[in-house]
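For reference, my_file-v5.cif (mmCIF, C-alpha atoms):
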```cif
data_start
loop_
_atom_site.label_atom_id
_atom_site.label_comp_id
_atom_site.auth_asym_id
_atom_site.auth_seq_id
_atom_site.Cartn_x
_atom_site.Cartn_y
_atom_site.Cartn_z
CA MET A 1 0.00 0.00 0.00
CA MET A 2 1.47 3.35 -1.07
CA LEU A 3 1.76 6.18 1.46
CA SER A 4 -1.03 8.30 -0.06
CA GLU A 5 -3.34 5.28 -0.12
CA PHE A 6 -2.43 4.44 3.49
CA ILE A 7 -3.18 8.01 4.61
CA TYR A 8 -6.60 7.81 2.94
CA TYR A 9 -7.29 4.43 4.58
CA LEU A 10 -6.25 5.80 7.98
CA GLY A 11 -8.73 8.68 7.67
CA TYR A 12 -11.38 6.26 6.35
CA SER A 13 -10.92 3.96 9.36
CA ILE A 14 -11.04 6.79 11.92
CA LYS A 15 -14.21 8.23 10.38
CA LYS A 16 -15.86 4.81 10.24
CA ARG A 17 -15.03 3.99 13.86
CA TYR A 18 -16.33 7.35 15.12
CA SER A 19 -19.48 7.21 13.00
CA LEU A 20 -20.39 3.67 14.05
CA LYS A 21 -19.86 4.58 17.70
CA ASN A 22 -22.34 7.45 17.30
CA GLN A 23 -24.71 5.78 14.86
CA LYS A 24 -28.38 6.80 15.03
CA ARG A 25 -31.55 5.00 13.97
CA LEU A 26 -34.61 6.48 12.25
CA PRO A 27 -38.08 5.29 13.34
CA PHE A 28 -38.77 3.69 9.95
CA LYS A 29 -36.88 1.23 7.76
CA VAL A 30 -33.86 2.50 5.80
CA ILE A 31 -32.75 1.06 2.45
CA SER A 32 -29.23 2.11 1.50
CA ILE A 33 -28.04 2.21 -2.10
CA GLY A 34 -24.31 2.65 -2.53
CA ASN A 35 -21.10 1.36 -4.00
CA ILE A 36 -17.46 0.82 -3.12
CA THR A 37 -16.05 2.82 -6.03
CA VAL A 38 -16.19 6.45 -7.09
CA GLY A 39 -19.19 6.79 -9.42
CA GLY A 40 -20.06 4.80 -12.51
CA THR A 41 -22.48 2.27 -11.03
CA GLY A 42 -25.79 4.07 -11.60
CA LYS A 43 -26.90 4.80 -8.03
CA THR A 44 -29.37 7.51 -9.06
CA PRO A 45 -31.41 5.36 -11.53
CA ALA A 46 -31.40 2.58 -8.90
CA ALA A 47 -32.68 4.92 -6.18
CA ILE A 48 -35.44 6.14 -8.51
CA ALA A 49 -36.43 2.55 -9.35
CA VAL A 50 -36.57 1.50 -5.67
CA ALA A 51 -38.68 4.57 -4.82
CA GLU A 52 -41.10 3.82 -7.67
CA GLU A 53 -41.40 0.21 -6.53
CA ALA A 54 -42.04 1.34 -2.95
CA GLU A 55 -44.96 3.44 -4.17
CA LYS A 56 -46.35 0.46 -6.11
CA ARG A 57 -46.25 -1.54 -2.87
CA GLY A 58 -48.27 1.07 -0.99
CA LEU A 59 -45.34 2.56 0.92
CA ASN A 60 -44.31 6.19 1.35
CA PRO A 61 -40.72 6.52 0.13
CA VAL A 62 -38.51 9.43 1.20
CA ILE A 63 -35.11 9.86 -0.44
CA LEU A 64 -32.24 11.08 1.72
CA THR A 65 -29.26 12.45 -0.20
CA ARG A 66 -26.21 14.54 0.59
CA GLY A 67 -26.57 16.45 -2.69
CA TYR A 68 -22.96 16.26 -3.78
CA ARG A 69 -21.55 19.76 -4.45
CA GLY A 70 -24.93 21.36 -3.78
CA LYS A 71 -24.55 24.67 -1.94
CA ALA A 72 -27.77 24.52 0.12
CA LYS A 73 -27.03 24.10 3.82
CA GLY A 74 -29.00 22.16 6.40
CA PRO A 75 -31.95 19.86 5.67
CA CYS A 76 -34.19 21.03 2.85
CA PHE A 77 -36.65 19.60 0.36
CA VAL A 78 -35.80 19.54 -3.32
CA ILE A 79 -39.21 20.70 -4.49
CA SER A 80 -40.28 19.24 -7.84
CA SER A 81 -42.69 22.14 -8.49
CA GLN A 82 -39.65 24.45 -8.64
CA LEU A 83 -38.05 22.29 -11.29
CA SER A 84 -38.46 22.37 -15.01
CA ALA A 85 -35.27 21.02 -16.47
CA PHE A 86 -36.59 21.46 -20.00
CA SER A 87 -38.03 24.96 -19.87
CA GLY A 88 -35.11 26.95 -18.50
CA GLN A 89 -36.85 27.77 -15.20
CA GLN A 90 -34.70 25.75 -12.80
CA LYS A 91 -31.90 28.33 -12.84
CA ASN A 92 -29.03 27.35 -10.55
CA LEU A 93 -31.03 24.61 -8.80
CA SER A 94 -28.44 21.98 -9.67
CA LEU A 95 -25.85 24.29 -8.11
CA LEU A 96 -28.07 24.67 -5.05
CA TYR A 97 -29.09 21.04 -4.54
CA GLY A 98 -26.66 19.00 -6.65
CA ASP A 99 -27.23 17.16 -9.94
CA GLU A 100 -28.72 13.93 -8.64
CA PRO A 101 -31.28 15.42 -6.21
CA VAL A 102 -32.65 17.65 -8.98
CA LEU A 103 -32.91 14.67 -11.33
CA MET A 104 -34.62 12.52 -8.69
CA ALA A 105 -37.13 15.26 -7.82
CA GLU A 106 -37.84 15.81 -11.52
CA ARG A 107 -38.55 12.11 -12.08
CA LEU A 108 -40.31 11.40 -8.76
CA LYS A 109 -42.95 14.10 -8.56
CA ASP A 110 -44.69 12.70 -5.46
CA VAL A 111 -41.64 11.46 -3.55
CA PRO A 112 -39.98 13.81 -1.04
CA VAL A 113 -36.28 14.28 -1.75
CA VAL A 114 -34.37 15.69 1.22
CA LYS A 115 -30.89 17.12 0.86
CA CYS A 116 -28.78 17.03 4.01
CA ALA A 117 -25.20 15.96 4.70
CA ASP A 118 -26.40 14.31 7.93
CA ARG A 119 -28.97 11.81 6.68
CA TYR A 120 -30.42 11.18 10.17
CA GLU A 121 -31.09 14.89 10.53
CA GLY A 122 -32.61 14.90 7.05
CA GLY A 123 -34.88 11.98 7.89
CA MET A 124 -36.16 13.57 11.10
CA PHE A 125 -36.69 16.84 9.24
CA ALA A 126 -38.82 14.99 6.68
CA LEU A 127 -40.94 13.29 9.36
CA GLN A 128 -41.52 16.59 11.19
CA SER A 129 -42.40 18.44 7.99
CA LEU A 130 -44.68 15.96 6.26
CA SER A 131 -48.27 15.17 7.20
CA SER A 132 -48.88 11.89 9.00
CA PRO A 133 -48.64 9.08 6.40
CA ASN A 134 -51.44 6.55 5.95
CA SER A 135 -48.92 3.78 5.22
CA PRO A 136 -45.37 3.05 6.39
CA VAL A 137 -42.55 5.39 5.45
CA VAL A 138 -39.44 3.85 3.93
CA PHE A 139 -36.26 5.90 3.71
CA ILE A 140 -34.03 5.42 0.68
CA LEU A 141 -30.48 6.40 1.48
CA ASP A 142 -28.81 7.59 -1.71
CA ASP A 143 -25.06 6.86 -1.86
CA GLY A 144 -25.17 5.43 1.65
CA PHE A 145 -22.62 2.61 1.85
CA GLN A 146 -20.02 4.86 3.50
CA HIS A 147 -22.54 6.85 5.57
CA TRP A 148 -22.09 4.87 8.79
CA LYS A 149 -23.72 7.56 10.96
CA LEU A 150 -27.18 6.20 10.06
CA HIS A 151 -28.39 2.66 10.76
CA ARG A 152 -29.77 0.96 7.68
CA ASP A 153 -31.92 -2.17 7.41
CA VAL A 154 -30.87 -3.12 3.87
CA ASN A 155 -27.44 -2.44 2.39
CA ILE A 156 -27.55 -2.63 -1.43
CA VAL A 157 -24.14 -2.41 -3.08
CA LEU A 158 -23.91 -1.72 -6.80
CA VAL A 159 -20.94 -3.03 -8.78
CA ASN A 160 -20.19 -1.90 -12.33
CA GLY A 161 -20.22 -5.04 -14.47
CA GLN A 162 -18.03 -3.38 -17.12
CA ASP A 163 -15.28 -2.30 -14.72
CA PRO A 164 -15.92 -3.53 -11.16
CA TYR A 165 -12.94 -2.13 -9.23
CA GLY A 166 -10.63 -0.34 -11.67
CA ASN A 167 -7.01 -0.88 -10.61
CA ARG A 168 -8.18 -2.17 -7.19
CA LYS A 169 -6.48 0.68 -5.35
CA MET A 170 -8.08 3.11 -2.93
CA LEU A 171 -8.22 6.85 -3.36
CA PRO A 172 -6.25 8.79 -4.46
CA LEU A 173 -4.45 6.08 -6.47
CA GLY A 174 -7.58 4.31 -7.66
CA PRO A 175 -11.40 4.38 -7.60
CA LEU A 176 -12.01 2.36 -4.41
CA ARG A 177 -13.68 4.28 -1.59
CA GLY A 178 -12.73 1.55 0.87
CA PRO A 179 -10.96 -1.82 0.96
CA LEU A 180 -12.70 -4.65 -0.89
CA PRO A 181 -13.27 -6.72 2.30
CA GLU A 182 -15.81 -4.01 3.23
CA LEU A 183 -18.14 -5.79 0.80
CA LYS A 184 -18.92 -8.16 3.67
CA ARG A 185 -21.26 -5.43 4.99
CA ALA A 186 -23.58 -5.74 1.97
CA ASP A 187 -26.95 -7.45 2.25
CA MET A 188 -27.21 -7.80 -1.52
CA PHE A 189 -25.23 -6.99 -4.65
CA VAL A 190 -26.40 -5.66 -7.99
CA VAL A 191 -24.08 -5.94 -10.97
CA THR A 192 -25.04 -2.91 -13.08
CA ASN A 193 -24.40 -2.06 -16.75
CA SER A 194 -24.97 -5.73 -17.49
CA PRO A 195 -27.46 -6.29 -20.35
CA GLU A 196 -28.54 -9.93 -20.40
CA GLY A 197 -27.48 -10.52 -23.99
CA GLU A 198 -24.01 -9.06 -23.42
CA ARG A 199 -22.95 -10.89 -20.25
CA SER A 200 -19.77 -12.87 -20.71
CA PRO A 201 -20.20 -16.18 -18.86
CA ASP A 202 -16.54 -16.26 -17.82
CA ALA A 203 -16.44 -12.66 -16.63
CA THR A 204 -19.81 -12.96 -14.90
CA SER A 205 -18.80 -16.17 -13.14
CA ALA A 206 -15.49 -14.66 -12.02
CA LEU A 207 -17.16 -11.53 -10.61
CA VAL A 208 -19.90 -13.47 -8.81
CA SER A 209 -17.30 -15.85 -7.37
CA GLU A 210 -15.28 -12.94 -6.03
CA LEU A 211 -18.34 -11.29 -4.49
CA ASN A 212 -19.23 -14.63 -2.89
CA ARG A 213 -15.74 -14.90 -1.43
CA TYR A 214 -16.13 -11.56 0.30
CA ASN A 215 -19.75 -12.12 1.27
CA PRO A 216 -21.24 -15.60 0.70
CA ALA A 217 -24.56 -14.64 2.32
CA ALA A 218 -25.45 -11.76 -0.02
CA PRO A 219 -27.42 -12.66 -3.17
CA VAL A 220 -26.19 -11.26 -6.49
CA PHE A 221 -28.58 -9.68 -9.00
CA PHE A 222 -27.96 -8.19 -12.42
CA SER A 223 -29.32 -4.99 -13.93
CA GLU A 224 -29.06 -2.84 -17.00
CA HIS A 225 -29.80 0.77 -17.86
CA ARG A 226 -32.43 0.97 -20.56
CA LEU A 227 -33.49 3.90 -22.67
CA THR A 228 -37.12 4.61 -21.76
CA GLY A 229 -37.70 7.72 -23.84
CA ILE A 230 -36.28 10.83 -25.46
CA ARG A 231 -37.27 14.44 -24.98
CA VAL A 232 -36.35 17.56 -26.90
CA GLY A 233 -35.19 20.81 -25.33
CA ASN A 234 -38.72 22.11 -24.70
CA GLY A 235 -39.78 18.92 -22.90
CA SER A 236 -41.92 17.38 -25.63
CA ARG A 237 -41.55 13.71 -26.49
CA PHE A 238 -39.43 12.53 -29.38
CA GLU A 239 -39.93 9.21 -31.16
CA THR A 240 -36.82 7.07 -30.79
CA ASP A 241 -37.36 5.52 -34.22
CA SER A 242 -36.82 8.97 -35.71
CA LEU A 243 -33.11 8.69 -34.87
CA LYS A 244 -32.46 5.67 -37.03
CA ASP A 245 -29.84 6.47 -39.65
CA LYS A 246 -29.52 10.01 -38.27
CA ARG A 247 -26.14 11.49 -37.37
CA VAL A 248 -25.81 12.66 -33.76
CA TYR A 249 -23.26 14.37 -31.55
CA ALA A 250 -23.42 12.88 -28.05
CA PHE A 251 -21.99 14.37 -24.87
CA CYS A 252 -22.17 13.70 -21.14
CA GLY A 253 -20.50 14.35 -17.80
CA LEU A 254 -20.63 10.90 -16.19
CA ALA A 255 -18.26 8.65 -14.31
CA ASN A 256 -18.97 5.95 -16.90
CA PRO A 257 -19.42 7.74 -20.25
CA GLU A 258 -19.01 4.51 -22.22
CA SER A 259 -22.35 3.32 -20.90
CA PHE A 260 -24.05 6.35 -22.45
CA ARG A 261 -22.21 5.86 -25.72
CA GLN A 262 -23.57 2.31 -25.90
CA THR A 263 -27.08 3.57 -25.16
CA VAL A 264 -26.88 6.04 -28.03
CA GLN A 265 -25.52 3.35 -30.35
CA SER A 266 -28.51 1.15 -29.51
CA LEU A 267 -30.77 3.74 -31.17
CA GLY A 268 -29.43 2.79 -34.59
CA CYS A 269 -27.98 6.23 -35.26
CA ASP A 270 -24.53 7.26 -36.43
CA ILE A 271 -22.42 8.87 -33.69
CA GLY A 272 -20.63 11.61 -35.57
CA GLY A 273 -18.89 12.88 -32.44
CA PHE A 274 -18.72 12.16 -28.72
CA LYS A 275 -17.53 14.43 -25.90
CA ALA A 276 -17.03 13.04 -22.39
CA TYR A 277 -16.64 15.57 -19.58
CA ARG A 278 -15.70 14.73 -16.01
CA ASP A 279 -18.43 13.53 -13.68
CA HIS A 280 -20.49 16.43 -12.27
CA HIS A 281 -19.10 18.81 -14.89
CA LYS A 282 -20.59 22.31 -14.61
CA TYR A 283 -21.47 23.42 -18.09
CA SER A 284 -20.76 26.96 -19.26
CA LYS A 285 -22.07 28.94 -22.21
CA ASP A 286 -18.69 28.38 -23.85
CA ASP A 287 -19.20 24.61 -23.51
CA MET A 288 -22.58 24.86 -25.17
CA SER A 289 -21.18 27.00 -27.99
CA TYR A 290 -18.37 24.50 -28.52
CA LEU A 291 -20.77 21.54 -28.63
CA GLU A 292 -23.07 23.29 -31.11
CA ALA A 293 -20.12 24.20 -33.32
CA GLN A 294 -18.76 20.65 -33.25
CA ALA A 295 -22.13 19.18 -34.14
CA LYS A 296 -22.47 21.61 -37.04
CA THR A 297 -18.92 20.97 -38.29
CA LEU A 298 -19.47 17.21 -38.18
CA LYS A 299 -22.83 17.64 -39.96
CA CYS A 300 -24.85 16.08 -37.17
CA ASP A 301 -28.63 16.24 -37.25
CA PHE A 302 -28.98 16.25 -33.44
CA LEU A 303 -27.09 16.68 -30.21
CA ILE A 304 -27.99 14.21 -27.45
CA THR A 305 -27.18 14.06 -23.75
CA THR A 306 -28.44 12.51 -20.49
CA GLU A 307 -31.05 13.73 -18.02
CA LYS A 308 -28.33 14.30 -15.44
CA ASP A 309 -26.54 16.63 -17.84
CA MET A 310 -29.77 18.26 -19.00
CA VAL A 311 -30.61 19.57 -15.53
CA LYS A 312 -27.38 21.58 -15.67
CA LEU A 313 -28.24 23.09 -19.05
CA GLY A 314 -31.76 24.26 -18.23
CA GLU A 315 -30.75 27.84 -17.45
CA MET A 316 -28.97 28.22 -20.79
CA LYS A 317 -30.33 28.79 -24.24
CA VAL A 318 -30.04 25.34 -25.78
CA PRO A 319 -30.29 24.46 -29.47
CA GLU A 320 -33.62 23.26 -30.80
CA ASN A 321 -32.03 20.00 -31.97
CA LEU A 322 -30.77 19.05 -28.50
CA LEU A 323 -32.24 15.75 -27.28
CA CYS A 324 -32.29 14.25 -23.79
CA ALA A 325 -32.18 10.50 -23.19
CA GLU A 326 -34.21 9.13 -20.28
CA ILE A 327 -32.43 6.13 -18.81
CA SER A 328 -33.92 3.78 -16.22
CA PHE A 329 -32.72 0.93 -14.01
CA HIS A 330 -34.10 -2.51 -14.94
CA THR A 331 -33.65 -5.75 -13.04
CA ASP A 332 -35.54 -8.89 -12.03
CA ALA A 333 -38.65 -8.71 -9.85
CA ALA A 334 -36.84 -10.96 -7.37
CA PHE A 335 -34.51 -8.07 -6.57
CA PHE A 336 -37.38 -5.88 -5.36
CA ASP A 337 -38.93 -8.76 -3.41
CA GLN A 338 -35.61 -9.18 -1.60
CA VAL A 339 -35.28 -5.44 -0.94
CA PHE A 340 -38.74 -5.06 0.59
CA SER A 341 -38.75 -8.37 2.48
CA CYS A 342 -37.63 -6.46 5.60
CA ILE A 343 -40.71 -4.24 5.59
CA PRO A 344 -43.89 -5.65 7.13
#
```
Once more with this new file: its structure as structure tokens, please.
Amino acid sequence: MMLSEFIYYLGYSIKKRYSLKNQKRLPFKVISIGNITVGGTGKTPAAIAVAEEAEKRGLNPVILTRGYRGKAKGPCFVISSQLSAFSGQQKNLSLLYGDEPVLMAERLKDVPVVKCADRYEGGMFALQSLSSPNSPVVFILDDGFQHWKLHRDVNIVLVNGQDPYGNRKMLPLGPLRGPLPELKRADMFVVTNSPEGERSPDATSALVSELNRYNPAAPVFFSEHRLTGIRVGNGSRFETDSLKDKRVYAFCGLANPESFRQTVQSLGCDIGGFKAYRDHHKYSKDDMSYLEAQAKTLKCDFLITTEKDMVKLGEMKVPENLLCAEISFHTDAAFFDQVFSCIP
């Protein structure tokens, strides 16, 4: 272990020990969705899917998120009525709340999304602010695997099926947020970015075997991110078939941009250009001008990006041929049965 990696691990261990010693418990069940690497596993689509399933089962989901890089302090609701990612009215809200909370509130109109660094404080704030529910509340802890300060009843750990652990080194030398033996804390694993028709039997078997070595009790599920629709800049729907044989310029600011590239390729269009920014990239007017110019130079019919990126472009004047891909988490029904088996 290199010195920089050891220093990170030392701080990690101290924080974990202190947080566990002072861990608090909310009065309702908590489902944590997290990972052991920095980004790229699709936590936000998974959190949205679990919240939607909770509603289908007659529960009242509340999402608790830290709102990475969001400037708002203290517990606060990310109010969906303030948001309109496709009409230019959500000015600076991604800067205020963070990219993922804005996206979750946009997609989950009736689900409270609470931004707070201290998720216990955020949960109590939600319970004190909301009217008495007619059915049980279930808290969904977004990016919660390393948030030891809050007790959770289900620990879901997502693993990127295309690149599970990178170089297997911890920060700052690699993508791991903790040592791999920490996987023993998981209650269940989900291998993401794993379309059924593209799973390599050898690679799948090797990954499942390794997960079983670290945690033989946790079941392993597989999931994929599917395109569920396309919208244009003004929010209206766009037929996906209309992109066949069209030339597009795709761009995104994701930890796993290759996943988005594959999604765009699945539409049957020609990718004339592709620009990958860093995860959580804050777009400027110069960025938008550059992207438009590139698309024009490469004779592309459309530009296309993700919902996560679109929420950061809403305050800008965007080109009329800019499209937004809606991507959702899909897995077996058995996964959801396992998740909600802890809730009476």
### Summary
A straight line from atom CA of Tyr9 of chain A to atom CA of Tyr68 of chain A spans 21.3 Å
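The nearest approach to Thr228 of chain A among the residues A:Met1, A:Ala325, A:Leu267, A:Ile343, with all atoms listed in the file taken into account, belongs to A:Ala325.
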### Pick from A:Tyr165, A:Phe302, A:Phe222, A:Tyr249 nearest to Asn193 of chain A, counting all atoms listed in the file
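The shortest atom-to-atom distance to Asn193 of chain A comes from A:Phe222.
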### Task
Show which residues sit within 10 Å of Glu326 of chain A, as a PyMOL selection string. Count all atoms listed in the file, and ignore same-chain residues fewer than 3 positions away.
chain A and resi 45+107+225-231+305-308+323
On this file, the PyMOL selection byres ((chain A and resi 330) around 7) gives some set of residues; write that set as a JSON list (two decimals) with C-alpha atoms, keeping the file's coordinate frame.
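Output contents, as saved in out12.json:
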```json
[["chain", "number", "residue", "atom", "x", "y", "z"],
["A", 223, "SER", "CA", -29.32, -4.99, -13.93],
["A", 224, "GLU", "CA", -29.06, -2.84, -17.00],
["A", 225, "HIS", "CA", -29.80, 0.77, -17.86],
["A", 226, "ARG", "CA", -32.43, 0.97, -20.56],
["A", 328, "SER", "CA", -33.92, 3.78, -16.22],
["A", 329, "PHE", "CA", -32.72, 0.93, -14.01],
["A", 331, "THR", "CA", -33.65, -5.75, -13.04]]
```
### Task
Select, from A:Asp279, A:Ala206, A:Gly74, A:Pro179, the residue with the minimum atom-to-atom distance to Gly123 of chain A, counting only C-alpha atoms.
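Ranked by minimum distance to Gly123 of chain A, first place goes to A:Gly74.
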### Task
Find the distance between atom CA of Ala47 of chain A and atom CA of Asn60 of chain A and write it in Å to one decimal.
13.9 Å
### Task
Convert the output of the PyMOL selection byres ((chain A and resi 169) around 12) on the shown file into explicit residues, formatted as a PyMOL selection string.
chain A and resi 1-2+4-6+8-9+36-38+164-168+170-180
Enclosing box along x, y and z for every listed atom of segment 173-183 of chain A, padded 6 Å each side, centre and size in Å, one decimal, as AutoDock Vina command-line options:
```
--center_x -11.3 --center_y -0.3 --center_z -2.2 --size_x 25.7 --size_y 24.8 --size_z 22.9
```
### Task
Fewer than 4 positions away in the same chain doesn't count, so skip those; otherwise give me all residues within 7 Å of Gly233 of chain A, counting all atoms listed in the file, as a PyMOL selection string.
chain A and resi 86+318+320+322-323
Excluding Met288 of chain A and its own-chain neighbours fewer than 4 positions away, which residues fall within 9 Å of it when counting only C-alpha atoms? Please give them as an mmCIF file with C-alpha atoms, keeping the file's coordinate frame.
```cif
data_model
loop_
_atom_site.group_PDB
_atom_site.id
_atom_site.type_symbol
_atom_site.label_atom_id
_atom_site.label_comp_id
_atom_site.auth_asym_id
_atom_site.auth_seq_id
_atom_site.Cartn_x
_atom_site.Cartn_y
_atom_site.Cartn_z
ATOM 1 C CA TYR A 283 -21.470 23.420 -18.090
ATOM 2 C CA SER A 284 -20.760 26.960 -19.260
ATOM 3 C CA GLU A 292 -23.070 23.290 -31.110
ATOM 4 C CA ALA A 293 -20.120 24.200 -33.320
ATOM 5 C CA LEU A 313 -28.240 23.090 -19.050
ATOM 6 C CA MET A 316 -28.970 28.220 -20.790
ATOM 7 C CA LYS A 317 -30.330 28.790 -24.240
ATOM 8 C CA VAL A 318 -30.040 25.340 -25.780
ATOM 9 C CA PRO A 319 -30.290 24.460 -29.470
#
```
#### Entry: Close residues, segment 52-56 of chain A itself excluded, 12 Å, all atoms listed in the file, min 4 positions apart in chain, as a VMD selection string
chain A and resid 29 31 45 to 48 60 to 63 104 107 to 112 135 to 140 328 to 331 333 335 to 337 339 to 341 343
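Proximity of A:Ala72, A:Val232, A:Leu95, A:Leu150 to Met124 of chain A, computed with only C-alpha atoms, is greatest for A:Leu150.
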#### Entry: Coordinates-based distance that separates atom CA of Leu93 of chain A from atom CA of Thr44 of chain A (Å, one decimal)
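Separating atom CA of Thr44 of chain A from atom CA of Leu93 of chain A is a distance of 17.2 Å.
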### Message
Using all atoms listed in the file, list the residues that have an atom at most 6 Å from (-31.0, 20.6, 7.2), coordinates as in the file, as a PyMOL selection string.
### Response
chain A and resi 74-76+116+122
### Task
Return the single residue from A:Phe221, A:Phe77, A:Tyr18, A:Phe145 that is closest to Glu196 of chain A, with distances computed using only C-alpha atoms.
A:Phe221
